[in-house]
Structure formats: C-alpha cells, structure tokens
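Student: Input file: structure-v2.cif. Contents: mmCIF, C-alpha atoms.
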```
data_structure
#
loop_
_atom_site.group_PDB
_atom_site.id
_atom_site.type_symbol
_atom_site.label_atom_id
_atom_site.label_comp_id
_atom_site.auth_asym_id
_atom_site.auth_seq_id
_atom_site.Cartn_x
_atom_site.Cartn_y
_atom_site.Cartn_z
ATOM 1 C CA MET A 1 25.824 -1.999 -21.432
ATOM 2 C CA VAL A 2 27.644 0.308 -23.847
ATOM 3 C CA SER A 3 31.444 0.353 -23.962
ATOM 4 C CA GLY A 4 33.606 3.441 -24.457
ATOM 5 C CA ASN A 5 33.488 3.061 -28.232
ATOM 6 C CA GLY A 6 29.683 2.949 -28.247
ATOM 7 C CA GLU A 7 29.417 -0.798 -28.863
ATOM 8 C CA ALA A 8 27.272 -3.072 -26.695
ATOM 9 C CA ASN A 9 29.314 -5.168 -24.268
ATOM 10 C CA SER A 10 27.939 -8.690 -24.709
ATOM 11 C CA ASN A 11 30.082 -9.975 -21.832
ATOM 12 C CA ARG A 12 28.056 -8.067 -19.237
ATOM 13 C CA SER A 13 25.223 -10.055 -17.646
ATOM 14 C CA PHE A 14 22.433 -8.169 -15.886
ATOM 15 C CA GLY A 15 20.605 -9.550 -12.860
ATOM 16 C CA LEU A 16 17.520 -8.289 -11.043
ATOM 17 C CA ASP A 17 19.584 -6.114 -8.726
ATOM 18 C CA ASP A 18 21.399 -4.470 -11.649
ATOM 19 C CA LEU A 19 18.295 -2.782 -13.030
ATOM 20 C CA PRO A 20 17.981 0.909 -12.244
ATOM 21 C CA LYS A 21 15.663 1.419 -9.302
ATOM 22 C CA ILE A 22 13.579 3.899 -11.262
ATOM 23 C CA SER A 23 13.016 1.618 -14.267
ATOM 24 C CA GLY A 24 9.919 -0.308 -15.226
ATOM 25 C CA MET A 25 6.520 -0.641 -13.574
ATOM 26 C CA ALA A 26 6.520 -0.468 -9.780
ATOM 27 C CA THR A 27 5.512 -3.752 -8.138
ATOM 28 C CA LEU A 28 5.463 -4.969 -4.566
ATOM 29 C CA LEU A 29 8.993 -6.113 -3.682
ATOM 30 C CA ASN A 30 9.925 -5.741 -7.370
ATOM 31 C CA ALA A 31 8.139 -9.043 -7.947
ATOM 32 C CA PRO A 32 7.093 -10.136 -11.442
ATOM 33 C CA TYR A 33 3.608 -8.844 -12.192
ATOM 34 C CA GLN A 34 0.846 -11.149 -13.387
ATOM 35 C CA GLU A 35 -2.901 -11.004 -12.959
ATOM 36 C CA ASN A 36 -3.479 -14.752 -12.667
ATOM 37 C CA LEU A 37 -2.199 -17.261 -10.106
ATOM 38 C CA GLU A 38 -0.316 -19.584 -12.445
ATOM 39 C CA ASN A 39 3.079 -20.668 -11.127
ATOM 40 C CA THR A 40 2.528 -18.724 -7.919
ATOM 41 C CA ASP A 41 3.329 -19.783 -4.340
ATOM 42 C CA ILE A 42 3.030 -16.388 -2.648
ATOM 43 C CA ALA A 43 0.729 -13.691 -4.038
ATOM 44 C CA LEU A 44 1.464 -10.063 -3.202
ATOM 45 C CA ILE A 45 -1.851 -8.207 -3.230
ATOM 46 C CA GLY A 46 -2.901 -4.591 -2.850
ATOM 47 C CA VAL A 47 -6.169 -3.833 -1.068
ATOM 48 C CA PRO A 48 -6.700 -0.088 -1.649
ATOM 49 C CA PHE A 49 -9.670 0.323 0.657
ATOM 50 C CA ASP A 50 -10.103 2.627 3.673
ATOM 51 C CA GLY A 51 -13.872 2.698 4.039
ATOM 52 C CA GLY A 52 -13.570 1.462 7.622
ATOM 53 C CA VAL A 53 -11.560 4.314 9.139
ATOM 54 C CA VAL A 54 -12.941 6.330 12.045
ATOM 55 C CA PHE A 55 -10.335 9.114 12.009
ATOM 56 C CA ARG A 56 -7.985 10.067 9.164
ATOM 57 C CA PRO A 57 -8.587 8.483 5.719
ATOM 58 C CA GLY A 58 -5.888 7.898 3.104
ATOM 59 C CA ALA A 59 -4.775 4.278 3.534
ATOM 60 C CA ARG A 60 -6.369 3.541 0.153
ATOM 61 C CA PHE A 61 -3.195 5.020 -1.308
ATOM 62 C CA GLY A 62 -0.974 2.693 0.716
ATOM 63 C CA PRO A 63 -0.521 -0.125 -1.828
ATOM 64 C CA ALA A 64 0.526 2.254 -4.608
ATOM 65 C CA GLU A 65 3.104 4.034 -2.472
ATOM 66 C CA VAL A 66 4.508 0.812 -1.001
ATOM 67 C CA ARG A 67 4.959 -0.354 -4.592
ATOM 68 C CA ASN A 68 6.829 2.857 -5.389
ATOM 69 C CA LYS A 69 9.131 2.413 -2.405
ATOM 70 C CA SER A 70 9.726 -1.249 -3.257
ATOM 71 C CA GLY A 71 12.391 -0.077 -5.691
ATOM 72 C CA MET A 72 14.713 -0.026 -2.676
ATOM 73 C CA ILE A 73 14.093 -3.678 -1.799
ATOM 74 C CA GLY A 74 16.751 -6.226 -2.726
ATOM 75 C CA ARG A 75 16.680 -10.011 -2.720
ATOM 76 C CA MET A 76 18.408 -11.261 0.452
ATOM 77 C CA ASN A 77 17.768 -10.708 4.142
ATOM 78 C CA HIS A 78 21.266 -9.946 5.389
ATOM 79 C CA GLN A 79 20.563 -11.229 8.903
ATOM 80 C CA THR A 80 18.595 -14.420 8.292
ATOM 81 C CA LYS A 81 20.232 -15.054 4.878
ATOM 82 C CA ILE A 82 16.818 -15.916 3.438
ATOM 83 C CA GLU A 83 16.302 -15.184 -0.253
ATOM 84 C CA PRO A 84 12.537 -15.525 -0.660
ATOM 85 C CA PHE A 85 12.550 -15.282 -4.457
ATOM 86 C CA GLY A 86 15.065 -18.117 -4.568
ATOM 87 C CA ARG A 87 12.867 -20.364 -2.433
ATOM 88 C CA CYS A 88 9.497 -19.992 -4.133
ATOM 89 C CA ARG A 89 7.495 -18.262 -6.837
ATOM 90 C CA ILE A 90 6.391 -14.822 -5.687
ATOM 91 C CA ARG A 91 4.168 -12.643 -7.873
ATOM 92 C CA ASP A 92 2.496 -9.256 -7.569
ATOM 93 C CA VAL A 93 -1.019 -10.131 -8.738
ATOM 94 C CA GLY A 94 -2.354 -6.582 -8.565
ATOM 95 C CA ASP A 95 -5.137 -5.071 -6.474
ATOM 96 C CA VAL A 96 -8.476 -6.296 -5.244
ATOM 97 C CA SER A 97 -10.937 -4.523 -7.527
ATOM 98 C CA LEU A 98 -13.905 -3.361 -5.484
ATOM 99 C CA GLU A 99 -17.268 -2.420 -6.912
ATOM 100 C CA SER A 100 -18.812 -1.464 -3.556
ATOM 101 C CA ILE A 101 -16.467 1.224 -2.269
ATOM 102 C CA TYR A 102 -19.447 3.189 -0.918
ATOM 103 C CA HIS A 103 -20.987 0.229 0.930
ATOM 104 C CA LEU A 104 -18.821 -1.172 3.697
ATOM 105 C CA GLU A 105 -20.626 -4.474 4.228
ATOM 106 C CA SER A 106 -20.606 -5.305 0.507
ATOM 107 C CA ALA A 107 -16.914 -4.367 0.214
ATOM 108 C CA VAL A 108 -16.059 -6.740 3.054
ATOM 109 C CA ASP A 109 -17.848 -9.550 1.201
ATOM 110 C CA GLU A 110 -16.020 -8.748 -2.055
ATOM 111 C CA ILE A 111 -12.650 -8.890 -0.311
ATOM 112 C CA GLU A 112 -13.534 -12.231 1.269
ATOM 113 C CA GLN A 113 -14.538 -13.716 -2.083
ATOM 114 C CA TYR A 114 -11.290 -12.519 -3.681
ATOM 115 C CA PHE A 115 -9.159 -14.161 -0.998
ATOM 116 C CA LEU A 116 -11.179 -17.362 -0.993
ATOM 117 C CA ARG A 117 -10.106 -17.731 -4.624
ATOM 118 C CA ILE A 118 -6.464 -17.186 -3.628
ATOM 119 C CA VAL A 119 -6.577 -19.666 -0.756
ATOM 120 C CA SER A 120 -8.508 -22.300 -2.730
ATOM 121 C CA GLN A 121 -5.584 -22.540 -5.160
ATOM 122 C CA GLY A 122 -3.074 -23.180 -2.394
ATOM 123 C CA VAL A 123 -1.467 -19.748 -2.689
ATOM 124 C CA LEU A 124 -0.309 -17.839 0.387
ATOM 125 C CA PRO A 125 -1.462 -14.186 0.405
ATOM 126 C CA VAL A 126 0.658 -11.235 1.550
ATOM 127 C CA SER A 127 -1.507 -8.138 1.398
ATOM 128 C CA VAL A 128 -0.921 -4.404 1.604
ATOM 129 C CA GLY A 129 -3.825 -2.239 2.747
ATOM 130 C CA GLY A 130 -5.837 -0.303 3.102
ATOM 131 C CA ASP A 131 -7.170 0.106 6.631
ATOM 132 C CA HIS A 132 -7.331 -2.688 9.177
ATOM 133 C CA SER A 133 -10.928 -3.573 8.346
ATOM 134 C CA ILE A 134 -9.529 -5.639 5.455
ATOM 135 C CA SER A 135 -8.052 -8.208 7.855
ATOM 136 C CA TYR A 136 -11.486 -9.559 8.805
ATOM 137 C CA PRO A 137 -12.513 -10.770 5.335
ATOM 138 C CA ILE A 138 -8.990 -12.082 4.725
ATOM 139 C CA LEU A 139 -9.190 -14.068 7.965
ATOM 140 C CA LYS A 140 -12.559 -15.448 6.874
ATOM 141 C CA ALA A 141 -10.800 -16.824 3.805
ATOM 142 C CA VAL A 142 -7.636 -18.229 5.409
ATOM 143 C CA GLY A 143 -9.623 -19.567 8.369
ATOM 144 C CA SER A 144 -12.460 -21.047 6.338
ATOM 145 C CA LYS A 145 -11.409 -24.646 7.028
ATOM 146 C CA GLU A 146 -10.195 -24.244 10.608
ATOM 147 C CA PRO A 147 -9.677 -21.308 12.977
ATOM 148 C CA VAL A 148 -6.212 -19.776 12.766
ATOM 149 C CA GLY A 149 -3.975 -18.169 15.351
ATOM 150 C CA LEU A 150 -2.932 -14.542 15.042
ATOM 151 C CA ILE A 151 0.236 -12.508 15.552
ATOM 152 C CA HIS A 152 -0.983 -8.916 15.626
ATOM 153 C CA PHE A 153 1.319 -5.858 15.792
ATOM 154 C CA ASP A 154 -0.599 -2.667 16.543
ATOM 155 C CA ALA A 155 -1.119 0.259 18.884
ATOM 156 C CA HIS A 156 -4.758 -0.846 19.207
ATOM 157 C CA CYS A 157 -6.347 -4.240 19.872
ATOM 158 C CA ASP A 158 -9.006 -3.696 17.192
ATOM 159 C CA THR A 159 -11.525 -5.803 19.085
ATOM 160 C CA GLY A 160 -14.087 -3.055 19.575
ATOM 161 C CA ASP A 161 -17.862 -3.227 19.332
ATOM 162 C CA ALA A 162 -19.943 -1.894 16.461
ATOM 163 C CA ALA A 163 -19.636 1.852 15.867
ATOM 164 C CA TYR A 164 -21.585 4.289 13.713
ATOM 165 C CA ASN A 165 -24.089 1.568 12.781
ATOM 166 C CA SER A 166 -21.498 -0.909 11.506
ATOM 167 C CA LYS A 167 -19.292 -3.584 13.033
ATOM 168 C CA PHE A 168 -16.949 -3.626 10.035
ATOM 169 C CA HIS A 169 -14.826 -0.596 10.940
ATOM 170 C CA HIS A 170 -11.058 -0.842 11.373
ATOM 171 C CA GLY A 171 -11.339 -0.957 15.160
ATOM 172 C CA GLY A 172 -13.134 -4.314 15.259
ATOM 173 C CA PRO A 173 -11.825 -6.866 12.732
ATOM 174 C CA PHE A 174 -10.486 -9.343 15.258
ATOM 175 C CA LYS A 175 -13.619 -9.450 17.387
ATOM 176 C CA ASN A 176 -15.547 -10.047 14.179
ATOM 177 C CA ALA A 177 -13.178 -12.864 13.218
ATOM 178 C CA VAL A 178 -13.556 -14.619 16.562
ATOM 179 C CA GLU A 179 -17.346 -14.333 16.411
ATOM 180 C CA ALA A 180 -17.285 -15.722 12.855
ATOM 181 C CA GLY A 181 -15.370 -18.781 14.100
ATOM 182 C CA VAL A 182 -12.293 -18.208 11.931
ATOM 183 C CA LEU A 183 -9.897 -16.873 14.599
ATOM 184 C CA ASP A 184 -8.832 -18.750 17.744
ATOM 185 C CA PRO A 185 -8.493 -16.117 20.492
ATOM 186 C CA THR A 186 -6.460 -18.456 22.725
ATOM 187 C CA ARG A 187 -3.821 -18.564 19.974
ATOM 188 C CA THR A 188 -3.828 -14.796 19.439
ATOM 189 C CA ILE A 189 -1.231 -12.313 20.661
ATOM 190 C CA GLN A 190 -1.433 -8.539 20.251
ATOM 191 C CA ILE A 191 1.850 -6.641 20.535
ATOM 192 C CA GLY A 192 2.619 -2.956 21.082
ATOM 193 C CA ILE A 193 -0.782 -1.939 22.489
ATOM 194 C CA ARG A 194 -0.964 1.548 24.010
ATOM 195 C CA GLY A 195 -2.866 4.834 23.954
ATOM 196 C CA THR A 196 -6.109 5.961 25.546
ATOM 197 C CA ALA A 197 -8.620 3.562 23.979
ATOM 198 C CA GLU A 198 -8.042 0.700 26.438
ATOM 199 C CA LYS A 199 -11.681 0.606 27.523
ATOM 200 C CA ASN A 200 -12.611 -0.506 23.998
ATOM 201 C CA TRP A 201 -10.551 -3.698 24.150
ATOM 202 C CA ALA A 202 -12.470 -5.680 26.790
ATOM 203 C CA PHE A 203 -13.182 -8.426 24.252
ATOM 204 C CA SER A 204 -9.466 -9.201 23.933
ATOM 205 C CA TYR A 205 -9.218 -10.077 27.624
ATOM 206 C CA ALA A 206 -12.619 -11.773 27.888
ATOM 207 C CA SER A 207 -11.904 -14.061 24.925
ATOM 208 C CA GLY A 208 -8.449 -15.111 26.123
ATOM 209 C CA MET A 209 -6.176 -13.149 23.792
ATOM 210 C CA GLN A 210 -2.667 -12.299 24.992
ATOM 211 C CA VAL A 211 -2.240 -8.520 25.115
ATOM 212 C CA LEU A 212 1.355 -7.269 25.262
ATOM 213 C CA HIS A 213 1.325 -3.546 25.961
ATOM 214 C CA ILE A 214 4.263 -1.497 24.737
ATOM 215 C CA GLU A 215 5.667 -1.118 28.255
ATOM 216 C CA ASP A 216 5.566 -4.910 28.662
ATOM 217 C CA PHE A 217 7.313 -5.292 25.309
ATOM 218 C CA LYS A 218 10.050 -2.904 26.436
ATOM 219 C CA LYS A 219 10.367 -4.780 29.722
ATOM 220 C CA ILE A 220 10.756 -8.315 28.347
ATOM 221 C CA GLY A 221 12.595 -7.195 25.228
ATOM 222 C CA ILE A 222 12.833 -8.616 21.744
ATOM 223 C CA GLU A 223 13.826 -12.166 22.722
ATOM 224 C CA GLY A 224 11.184 -12.374 25.438
ATOM 225 C CA THR A 225 8.551 -11.190 22.986
ATOM 226 C CA ILE A 226 9.564 -13.777 20.397
ATOM 227 C CA GLU A 227 9.314 -16.507 23.036
ATOM 228 C CA GLN A 228 5.858 -15.321 24.114
ATOM 229 C CA ILE A 229 4.639 -15.231 20.503
ATOM 230 C CA ARG A 230 5.837 -18.770 19.880
ATOM 231 C CA ARG A 231 4.239 -20.029 23.101
ATOM 232 C CA THR A 232 0.935 -18.425 22.220
ATOM 233 C CA VAL A 233 0.480 -19.525 18.605
ATOM 234 C CA GLY A 234 2.225 -22.897 18.846
ATOM 235 C CA ASP A 235 2.638 -24.928 15.669
ATOM 236 C CA GLY A 236 -0.880 -24.487 14.267
ATOM 237 C CA PRO A 237 -1.875 -22.357 11.258
ATOM 238 C CA THR A 238 -1.292 -18.696 12.042
ATOM 239 C CA TYR A 239 -1.922 -15.355 10.364
ATOM 240 C CA LEU A 240 0.363 -12.308 10.748
ATOM 241 C CA SER A 241 -1.108 -8.805 10.715
ATOM 242 C CA PHE A 242 1.031 -5.668 11.041
ATOM 243 C CA ASP A 243 -0.495 -2.220 11.495
ATOM 244 C CA VAL A 244 2.179 0.444 10.962
ATOM 245 C CA ASP A 245 0.841 2.455 13.897
ATOM 246 C CA CYS A 246 2.521 -0.179 16.078
ATOM 247 C CA LEU A 247 5.603 1.893 15.294
ATOM 248 C CA ASP A 248 6.205 5.225 16.981
ATOM 249 C CA PRO A 249 5.125 8.132 14.733
ATOM 250 C CA ALA A 250 8.779 9.159 14.581
ATOM 251 C CA TYR A 251 9.297 6.090 12.367
ATOM 252 C CA ALA A 252 5.833 5.866 10.765
ATOM 253 C CA PRO A 253 4.078 9.246 10.696
ATOM 254 C CA GLY A 254 1.995 8.388 7.636
ATOM 255 C CA THR A 255 -0.877 6.524 9.240
ATOM 256 C CA GLY A 256 -4.485 7.204 10.108
ATOM 257 C CA THR A 257 -4.402 6.756 13.887
ATOM 258 C CA PRO A 258 -0.871 7.505 15.140
ATOM 259 C CA GLU A 259 -0.019 6.790 18.780
ATOM 260 C CA VAL A 260 3.123 8.110 20.464
ATOM 261 C CA GLY A 261 5.454 5.817 22.397
ATOM 262 C CA GLY A 262 5.629 2.902 19.982
ATOM 263 C CA MET A 263 8.199 0.458 18.639
ATOM 264 C CA THR A 264 11.218 1.434 16.627
ATOM 265 C CA SER A 265 11.603 0.113 13.106
ATOM 266 C CA PHE A 266 14.633 -1.913 14.249
ATOM 267 C CA GLU A 267 12.636 -3.587 17.025
ATOM 268 C CA ALA A 268 9.888 -4.536 14.584
ATOM 269 C CA GLN A 269 12.381 -6.085 12.174
ATOM 270 C CA GLN A 270 14.076 -8.047 14.930
ATOM 271 C CA VAL A 271 10.847 -9.532 16.267
ATOM 272 C CA LEU A 272 9.717 -10.545 12.779
ATOM 273 C CA ARG A 273 13.085 -12.128 12.011
ATOM 274 C CA GLY A 274 12.707 -14.259 15.133
ATOM 275 C CA LEU A 275 9.498 -15.905 13.931
ATOM 276 C CA GLY A 276 10.961 -18.247 11.342
ATOM 277 C CA GLY A 277 9.517 -21.744 11.214
ATOM 278 C CA LEU A 278 5.978 -20.877 12.315
ATOM 279 C CA SER A 279 3.092 -22.248 10.257
ATOM 280 C CA LEU A 280 2.047 -18.985 8.627
ATOM 281 C CA VAL A 281 -0.916 -19.041 6.247
ATOM 282 C CA GLY A 282 -0.780 -15.388 5.211
ATOM 283 C CA ALA A 283 0.144 -11.882 6.272
ATOM 284 C CA ASP A 284 -0.818 -8.275 5.828
ATOM 285 C CA LEU A 285 0.630 -4.789 6.259
ATOM 286 C CA VAL A 286 -2.022 -2.126 6.812
ATOM 287 C CA GLU A 287 -2.742 1.538 7.559
ATOM 288 C CA VAL A 288 0.010 3.170 5.475
ATOM 289 C CA ALA A 289 -1.493 6.571 4.635
ATOM 290 C CA PRO A 290 1.160 8.358 2.547
ATOM 291 C CA THR A 291 -0.682 11.697 2.440
ATOM 292 C CA TYR A 292 0.434 12.364 6.024
ATOM 293 C CA ASP A 293 4.105 11.663 5.341
ATOM 294 C CA GLN A 294 5.785 13.817 2.718
ATOM 295 C CA SER A 295 9.155 12.192 3.458
ATOM 296 C CA GLY A 296 7.947 8.744 2.384
ATOM 297 C CA ILE A 297 9.563 6.923 5.306
ATOM 298 C CA THR A 298 6.310 5.188 6.304
ATOM 299 C CA ALA A 299 5.839 3.571 2.900
ATOM 300 C CA LEU A 300 9.538 2.665 2.792
ATOM 301 C CA LEU A 301 9.168 1.014 6.189
ATOM 302 C CA GLY A 302 6.058 -0.731 4.884
ATOM 303 C CA ALA A 303 7.927 -2.158 1.911
ATOM 304 C CA ASN A 304 10.628 -3.492 4.208
ATOM 305 C CA LEU A 305 8.100 -5.078 6.563
ATOM 306 C CA VAL A 306 6.390 -6.772 3.616
ATOM 307 C CA PHE A 307 9.800 -8.149 2.650
ATOM 308 C CA GLU A 308 10.204 -9.556 6.178
ATOM 309 C CA GLN A 309 6.780 -11.180 5.867
ATOM 310 C CA ALA A 310 7.688 -12.690 2.504
ATOM 311 C CA CYS A 311 10.880 -14.098 4.029
ATOM 312 C CA LEU A 312 8.859 -15.796 6.762
ATOM 313 C CA LEU A 313 6.269 -17.305 4.418
ATOM 314 C CA ALA A 314 8.942 -18.419 1.955
ATOM 315 C CA GLN A 315 10.369 -20.720 4.617
ATOM 316 C CA SER A 316 7.381 -22.998 4.022
ATOM 317 C CA PHE A 317 8.782 -23.924 0.600
#
```
For this file, write the structure as structure tokens.

Tutor:
Amino acid sequence: MVSGNGEANSNRSFGLDDLPKISGMATLLNAPYQENLENTDIALIGVPFDGGVVFRPGARFGPAEVRNKSGMIGRMNHQTKIEPFGRCRIRDVGDVSLESIYHLESAVDEIEQYFLRIVSQGVLPVSVGGDHSISYPILKAVGSKEPVGLIHFDAHCDTGDAAYNSKFHHGGPFKNAVEAGVLDPTRTIQIGIRGTAEKNWAFSYASGMQVLHIEDFKKIGIEGTIEQIRRTVGDGPTYLSFDVDCLDPAYAPGTGTPEVGGMTSFEAQQVLRGLGGLSLVGADLVEVAPTYDQSGITALLGANLVFEQACLLAQSF
C-alpha cells in the first residue's frame, strides 16, 4: 500500500480477501493453483467436456467461466460459519486433459483413470463440468472399493437407456453407475425432477431410487427435503452431484437443457447447507454453459454452489 507521500506503508498487512478481485490467475474458489496433489485434501478440478450432450452444447466452457466468477467468492459461509480453507488444504489442480474428445467411450475411460489417481491418494474431488456424462466415470472412481450413495439435484433423473448408439450420454450416467456396481440405488435421492421426459426415468423407480419431483419439494419444503436426503443416504459414503438445470432458468439460464419451474438459488443453498456431517466422498457441479447466458449469473451461481460443496466436504477434516 502506498501512503499519501508515495512511500510504501509497511504497517498494512494484506490477506486473501484484500487482493483485488480482478488480479492474478483465475482459479476455482480463488484456491492456490498447483498441478500435483502434494499437501492437498480437497482437489478442485475442471472437466471441460460436453461430448455427451443431446441438445445444446457449450458446457465445455463451464470450468473456465466458473473460475472467472470465483473472484466473487470469499472465505466464510456466513450462515454455517464454516471456513473451508481454514479447515483443510484446498487446491485448484487444473483440468482433466482429454486426448479423446471425439470418441465418447474413450473420453469416459480417460476421466475415470484421472479420478482413480485422485482417489487413490486420499484426496476428495470437487469437479466442475462439463456435461453430466462426466459423473459416471467419477462415480466409477469414488465407488471403486464399495458402492456409494448419491444426492442428485437435477431437472432430469439421468437414468435413461442408450441413445444414438451410445449409453454414455448425459441422460444416463446414473443408470450406468448402478449397472457398473459403483452406485447403490437404494441410497440415491434425486431432487427437483420435472419436465416432459418422465417416461425415460423408469430405471430410477425400478431400481429403488427416491425421486423427489419439484412439486413434492415445494410441498415438503427445505427442512422436509433435508430430512428425506439424510434418511435416504444414511451415514455411508455418498457422492453429491448438482446439475444447474435443477434451478429455474430465471436463476440459471446458461445451461444445455433448461426446464421451467425449478428451484430458486436460495432454496438450493439452504438445502446444501443442511447436509453438514454426511460422509461425502466427492461432489460435482455440471452443465454450466456460459454461451447461453450473457449476464454471467449461471456461472456466478455455479461458483457459489461449488463453495457450498467445499464447505460440506471440509467438515470431514
């Protein structure tokens, strides 16, 4: 800091929150950037891949724009009082580098191998996609030793059958995960489901997943939803996946498959803040497609939801 006479003021101490928001390299949650996993408890990871979309592409640009909007993210959750960076070592470790962006099946395998390396070192992954197809290979990594439960926020169940000669599209990751033996459907809850694709989600009901449609969410409210989530997943290892199209397009217009009549951003924050103490093994935020949102509010919302996820995972330390 420079005083009125042009001399540096050595008495002024700068902290992380004192840095100008536009300074330095953009990272997820303003976390320190490093490409290795040394001294890391939670790894923030970009997965810029949208090869599994069946409607509007563009989620490949999600990680970069969420990083840009992370300049607005501070260090303490004002409601829960959690300071994740004070509890554990959180690093932005960059993006999954894919060689097979034109071959969906190979890309899925590359993502799985990347996250197996993360998990094998005892690091918890928080990922920013990318379309929802990325959740399947991540689940194969975090559920490699035992099937995990799932808390899934979305407008769609994403348990559809194969389409267009592939089962790895973004409408089927959770069916794939159950069939691969890495996801326990009886410990899975899907929240905010709506729209006109209900006939595609028969697997959710047949396998024993809990499906909470948006009208049911509105009926039982935030506290009732938190209670149902906790009952469903119990105290076993659980993964958290948040598709931004769970939110109404008024709050998240920048997404590939928007559905009207969704959650508000406030409701999403409140439900997430009520999940403290669960045994979370990882989380993701997917389907931010900034091209469809010139205002940037979707990516800003995404950055804030990633912060909520980091707060939850940090409670393990």

Student: Atom CA of Ile118 of chain A and atom CA of Ala180 of chain A, how far apart in Å?

Tutor: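 Computing the Euclidean distance for atom CA of Ala180 of chain A and atom CA of Ile118 of chain A yields 19.8 Å.
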
Student: Give as a list in words each residue that has an atom at most 8 Å from (3.6, -22.9, 14.3) in the file, counting all atoms listed in the file.

Tutor: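 Those residues lying close to the given coordinates are Arg230, Val233, Gly234, Asp235, Gly236, Pro237, Thr238, Gly277, Leu278, Ser279 and Leu280 of chain A.
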
Student: Taking the file as shown, find all residues satisfying the PyMOL selection byres ((chain A and resi 209) around 10) and write them as an mmCIF file with C-alpha atoms, keeping the file's coordinate frame.

Tutor:
```cif
data_model
loop_
_atom_site.group_PDB
_atom_site.id
_atom_site.type_symbol
_atom_site.label_atom_id
_atom_site.label_comp_id
_atom_site.auth_asym_id
_atom_site.auth_seq_id
_atom_site.Cartn_x
_atom_site.Cartn_y
_atom_site.Cartn_z
ATOM 1 C CA LEU A 150 -2.932 -14.542 15.042
ATOM 2 C CA CYS A 157 -6.347 -4.240 19.872
ATOM 3 C CA ASP A 184 -8.832 -18.750 17.744
ATOM 4 C CA PRO A 185 -8.493 -16.117 20.492
ATOM 5 C CA THR A 186 -6.460 -18.456 22.725
ATOM 6 C CA ARG A 187 -3.821 -18.564 19.974
ATOM 7 C CA THR A 188 -3.828 -14.796 19.439
ATOM 8 C CA ILE A 189 -1.231 -12.313 20.661
ATOM 9 C CA GLN A 190 -1.433 -8.539 20.251
ATOM 10 C CA PHE A 203 -13.182 -8.426 24.252
ATOM 11 C CA SER A 204 -9.466 -9.201 23.933
ATOM 12 C CA TYR A 205 -9.218 -10.077 27.624
ATOM 13 C CA ALA A 206 -12.619 -11.773 27.888
ATOM 14 C CA SER A 207 -11.904 -14.061 24.925
ATOM 15 C CA GLY A 208 -8.449 -15.111 26.123
ATOM 16 C CA GLN A 210 -2.667 -12.299 24.992
ATOM 17 C CA VAL A 211 -2.240 -8.520 25.115
ATOM 18 C CA LEU A 212 1.355 -7.269 25.262
ATOM 19 C CA THR A 232 0.935 -18.425 22.220
#
```

Student: Can you spell out as a ChimeraX atom specification the set of residues that the PyMOL selection byres ((chain A and resi 310) around 10) selects in the structure I just provided?

Tutor: /A:29,42-44,82-85,90,124-126,282-283,304-309,311-315

Student: Report the residues retrieved by the PyMOL selection byres ((chain A and resi 110) around 12) from the displayed file, expressed as a PDB file with C-alpha atoms, keeping the file's coordinate frame.

Tutor:
```pdb
ATOM      1  CA  VAL A  47      -6.169  -3.833  -1.068  1.00  0.00           C
ATOM      2  CA  PHE A  49      -9.670   0.323   0.657  1.00  0.00           C
ATOM      3  CA  VAL A  96      -8.476  -6.296  -5.244  1.00  0.00           C
ATOM      4  CA  SER A  97     -10.937  -4.523  -7.527  1.00  0.00           C
ATOM      5  CA  LEU A  98     -13.905  -3.361  -5.484  1.00  0.00           C
ATOM      6  CA  GLU A  99     -17.268  -2.420  -6.912  1.00  0.00           C
ATOM      7  CA  SER A 100     -18.812  -1.464  -3.556  1.00  0.00           C
ATOM      8  CA  ILE A 101     -16.467   1.224  -2.269  1.00  0.00           C
ATOM      9  CA  HIS A 103     -20.987   0.229   0.930  1.00  0.00           C
ATOM     10  CA  LEU A 104     -18.821  -1.172   3.697  1.00  0.00           C
ATOM     11  CA  GLU A 105     -20.626  -4.474   4.228  1.00  0.00           C
ATOM     12  CA  SER A 106     -20.606  -5.305   0.507  1.00  0.00           C
ATOM     13  CA  ALA A 107     -16.914  -4.367   0.214  1.00  0.00           C
ATOM     14  CA  VAL A 108     -16.059  -6.740   3.054  1.00  0.00           C
ATOM     15  CA  ASP A 109     -17.848  -9.550   1.201  1.00  0.00           C
ATOM     16  CA  ILE A 111     -12.650  -8.890  -0.311  1.00  0.00           C
ATOM     17  CA  GLU A 112     -13.534 -12.231   1.269  1.00  0.00           C
ATOM     18  CA  GLN A 113     -14.538 -13.716  -2.083  1.00  0.00           C
ATOM     19  CA  TYR A 114     -11.290 -12.519  -3.681  1.00  0.00           C
ATOM     20  CA  PHE A 115      -9.159 -14.161  -0.998  1.00  0.00           C
ATOM     21  CA  LEU A 116     -11.179 -17.362  -0.993  1.00  0.00           C
ATOM     22  CA  ARG A 117     -10.106 -17.731  -4.624  1.00  0.00           C
ATOM     23  CA  ILE A 134      -9.529  -5.639   5.455  1.00  0.00           C
ATOM     24  CA  TYR A 136     -11.486  -9.559   8.805  1.00  0.00           C
ATOM     25  CA  PRO A 137     -12.513 -10.770   5.335  1.00  0.00           C
ATOM     26  CA  ILE A 138      -8.990 -12.082   4.725  1.00  0.00           C
ATOM     27  CA  LYS A 140     -12.559 -15.448   6.874  1.00  0.00           C
ATOM     28  CA  ALA A 141     -10.800 -16.824   3.805  1.00  0.00           C
TER      29      ALA A 141
END
```

Student: What separation in Å, quoted to one decimal, exists between atom CA of Glu223 of chain A and atom CA of Tyr239 of chain A?

Tutor: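 So the answer is 20.3 Å.
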
Student: State, in Å with one decimal place, the distance from atom CA of Leu300 of chain A to atom CA of Met263 of chain A.

Tutor: 16.1 Å

Student: Of the candidates A:Gln34, A:Gln294, A:Thr196, A:Ser316, which one gets nearest to Pro253 of chain A if we count only C-alpha atoms?

Tutor: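 Comparing A:Gln34, A:Gln294, A:Thr196, A:Ser316 against Pro253 of chain A, the winner is A:Gln294.
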
Student: Given the choices A:Gly149, A:Pro57, A:Pro290, A:Gly192, which gets closest to Gly221 of chain A if the distance is worked out from all atoms listed in the file?

Tutor: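 Among the listed residues, the smallest separation from Gly221 of chain A belongs to A:Gly192.
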
Student: What would the list of residues within 7 Å of (-2.2, -10.5, 13.2) (file frame) look like as a ChimeraX atom specification, if only C-alpha atoms are what count?

Tutor: /A:150-153,239-242
